[in-house]
Amino acid sequence: MIFRRKNKVYTDPELMQQIVCGDQSAFGELYHRYKDRMYYYFYRMLGNSGELANDFLQELFMKLIEKPESYNPSFAFHTWFYSVANNMCKNEYRKRGVRQEYYETEKLEPQIEFLPESTIEPEQAIEKIFQALEQLGEEHRSAFLLRYREGFSIKEVAEILELPEGTVKSRLFYAKRILAEKLEYLKDEIEF
């Protein structure tokens, strides 16, 4: 759905300008554009909890309502919005006492129930991938989701996570390697 007024299609930054001026319909359009993607991001980043994902989604959009002027139009909206969401996740991890350090592969022992290859259905294979993704550290999981689920470029992921591009590439490399090791038994069922 594209937001039009007088045959003009509004970009995200233009919608944000209208939100700053109090336009509720512009907020509704921005919500419609991003609610599903942001829900999925929170869901995967917060332990596959639908309840937490909904809470964080509401909080994210409340931040948008309460302080729309915090958006700097010289930056891409979607990059800025994901940066806010990522910072919310980091704060949640800090609250939980989760350390923000690089995970070594020996610390990531598989906790996946393996099924004989002949019994794996496509839905089960997808579930196994998500279980393996959950075992990645927050740093690796966020980079992986932003790049491969949301389709952001390396540069955009670096902006969102506030990291050098080389660090993002490294995290993606290790995330793919760890996932490939954990899912080796599924190699005939799925492609990486």
# chains A, B, ... in the order shown; residues from 1 in each chain; ligands from 1
>>> residues_around(residues="range 60-70 of chain A", least_positions_apart="6", cutoff="10 Å", atoms="only C-alpha atoms", output="mmCIF file with N, CA and C atoms, in the first residue's frame")
data_model
loop_
_atom_site.group_PDB
_atom_site.id
_atom_site.type_symbol
_atom_site.label_atom_id
_atom_site.label_comp_id
_atom_site.auth_asym_id
_atom_site.auth_seq_id
_atom_site.Cartn_x
_atom_site.Cartn_y
_atom_site.Cartn_z
ATOM 1 N N MET A 16 7.707 11.220 7.837
ATOM 2 C CA MET A 16 8.221 11.654 9.144
ATOM 3 C C MET A 16 8.026 13.157 9.330
ATOM 4 N N GLN A 17 8.222 13.935 8.278
ATOM 5 C CA GLN A 17 7.992 15.381 8.380
ATOM 6 C C GLN A 17 6.531 15.664 8.707
ATOM 7 N N GLN A 18 5.640 14.899 8.106
ATOM 8 C CA GLN A 18 4.219 15.077 8.385
ATOM 9 C C GLN A 18 3.872 14.648 9.807
ATOM 10 N N ILE A 19 4.533 13.607 10.290
ATOM 11 C CA ILE A 19 4.306 13.152 11.667
ATOM 12 C C ILE A 19 4.748 14.228 12.647
ATOM 13 N N VAL A 20 5.878 14.873 12.367
ATOM 14 C CA VAL A 20 6.353 15.969 13.223
ATOM 15 C C VAL A 20 5.291 17.062 13.303
ATOM 16 N N CYS A 21 4.567 17.254 12.210
ATOM 17 C CA CYS A 21 3.496 18.262 12.177
ATOM 18 C C CYS A 21 2.175 17.749 12.757
ATOM 19 N N GLY A 22 2.151 16.506 13.222
ATOM 20 C CA GLY A 22 0.974 15.962 13.882
ATOM 21 C C GLY A 22 0.014 15.197 12.991
ATOM 22 N N GLN A 24 -1.709 12.243 11.812
ATOM 23 C CA GLN A 24 -1.915 10.875 12.274
ATOM 24 C C GLN A 24 -2.000 9.874 11.123
ATOM 25 N N PHE A 27 1.424 8.759 10.237
ATOM 26 C CA PHE A 27 1.910 7.764 11.192
ATOM 27 C C PHE A 27 1.320 6.397 10.865
ATOM 28 N N LEU A 30 3.196 4.855 7.964
ATOM 29 C CA LEU A 30 4.535 4.392 8.343
ATOM 30 C C LEU A 30 4.434 3.121 9.193
ATOM 31 N N TYR A 31 3.455 3.083 10.068
ATOM 32 C CA TYR A 31 3.221 1.882 10.868
ATOM 33 C C TYR A 31 2.911 0.694 9.956
ATOM 34 N N TYR A 34 6.040 -0.715 8.190
ATOM 35 C CA TYR A 34 7.126 -1.324 8.963
ATOM 36 C C TYR A 34 6.715 -2.310 10.048
ATOM 37 N N LYS A 35 5.454 -2.408 10.407
ATOM 38 C CA LYS A 35 5.062 -3.213 11.564
ATOM 39 C C LYS A 35 5.462 -4.680 11.442
ATOM 40 N N MET A 38 9.394 -5.119 11.550
ATOM 41 C CA MET A 38 9.960 -4.841 12.872
ATOM 42 C C MET A 38 9.534 -5.918 13.873
ATOM 43 N N ASN A 54 5.848 -8.053 20.463
ATOM 44 C CA ASN A 54 4.747 -7.085 20.447
ATOM 45 C C ASN A 54 5.021 -5.905 21.368
ATOM 46 N N TRP A 80 17.914 4.325 10.107
ATOM 47 C CA TRP A 80 17.750 4.954 11.421
ATOM 48 C C TRP A 80 16.767 4.141 12.275
ATOM 49 N N PHE A 81 15.671 3.709 11.679
ATOM 50 C CA PHE A 81 14.634 2.996 12.425
ATOM 51 C C PHE A 81 15.165 1.670 12.976
ATOM 52 N N TYR A 82 15.915 0.949 12.158
ATOM 53 C CA TYR A 82 16.512 -0.305 12.626
ATOM 54 C C TYR A 82 17.600 -0.053 13.672
ATOM 55 N N VAL A 84 17.424 2.258 15.965
ATOM 56 C CA VAL A 84 16.651 2.435 17.208
ATOM 57 C C VAL A 84 16.228 1.067 17.735
ATOM 58 N N ALA A 85 15.722 0.208 16.850
ATOM 59 C CA ALA A 85 15.279 -1.135 17.261
ATOM 60 C C ALA A 85 16.454 -1.953 17.797
ATOM 61 N N MET A 88 17.334 -0.876 21.248
ATOM 62 C CA MET A 88 16.360 -1.394 22.211
ATOM 63 C C MET A 88 16.717 -2.828 22.598
#
>>> closest_atom_pairs(of="range 1-73 of chain A", to="range 89-97 of chain A", cutoff="8 Å", atoms="only C-alpha atoms", output="JSON lines")
{"residue": "A:Phe42", "atom": "CA", "partner": "A:Cys89", "partner_atom": "CA", "distance": 7.6}
{"residue": "A:Met45", "atom": "CA", "partner": "A:Cys89", "partner_atom": "CA", "distance": 7.0}
{"residue": "A:Leu46", "atom": "CA", "partner": "A:Cys89", "partner_atom": "CA", "distance": 7.3}
>>> closest_residue(among="A:Ala53, A:Tyr174, A:Glu139, A:Tyr10", to="Ser25 in chain A", atoms="only C-alpha atoms")
A:Tyr10
>>> atom_distance(atom1="CA of Arg171 in chain A", atom2="CA of Arg44 in chain A")
16.9 Å
>>> closest_residue(among="A:Leu146, A:Asp12, A:Ser74, A:Tyr39", to="Ala26 in chain A", atoms="only C-alpha atoms")
A:Asp12
>>> atom_distance(atom1="CA of Lys8 in chain A", atom2="CA of Glu156 in chain A")
27.3 Å
>>> atom_distance(atom1="CA of Lys155 in chain A", atom2="CA of Phe75 in chain A")
12.7 Å
>>> select_by_dssp(residues="range 14-159 of chain A", states="alpha helix (DSSP H)", output="PyMOL selection string")
chain A and resi 14-20+24-45+50-66+77-96+122-134+138-144+154-159
>>> closest_residue(among="A:Asn86, A:Glu29, A:Phe173, A:Pro164", to="Glu138 in chain A", atoms="only C-alpha atoms")
A:Asn86
>>> closest_residue(among="A:Pro13, A:Arg177, A:Ile129, A:Ile160", to="Asn87 in chain A", atoms="only C-alpha atoms")
A:Ile160
>>> closest_residue(among="A:Val168, A:Val9, A:Gly28, A:Asp55", to="Tyr43 in chain A", atoms="only C-alpha atoms")
A:Asp55
>>> select_by_dssp(residues="range 3-100 of chain A", states="strand (DSSP E or B)", output="number ranges by chain")
A: 4-5, 8-9
>>> write_last_selection(atoms="N, CA and C atoms", output="short mmCIF file (atom, residue, chain, number, x, y, z; two decimals), in the first residue's frame")
data_model
loop_
_atom_site.label_atom_id
_atom_site.label_comp_id
_atom_site.auth_asym_id
_atom_site.auth_seq_id
_atom_site.Cartn_x
_atom_site.Cartn_y
_atom_site.Cartn_z
N ARG A 4 -0.77 7.98 -0.62
CA ARG A 4 -0.90 9.04 -1.61
C ARG A 4 -1.84 10.11 -1.07
N ARG A 5 -1.51 11.29 -1.38
CA ARG A 5 -2.38 12.41 -1.10
C ARG A 5 -2.27 13.34 -2.31
N LYS A 8 0.26 12.22 -4.96
CA LYS A 8 1.68 12.23 -4.62
C LYS A 8 1.98 11.04 -3.72
N VAL A 9 3.03 10.30 -4.07
CA VAL A 9 3.48 9.18 -3.24
C VAL A 9 4.52 9.72 -2.27
#
>>> residues_around(residues="Arg141 in chain A", least_positions_apart="5", cutoff="8 Å", atoms="only C-alpha atoms", output="number ranges by chain")
A: 45, 133-134, 136, 175
>>> closest_residue(among="A:Ala132, A:Leu163, A:Leu52, A:Val157", to="Lys182 in chain A", atoms="only C-alpha atoms")
A:Ala132
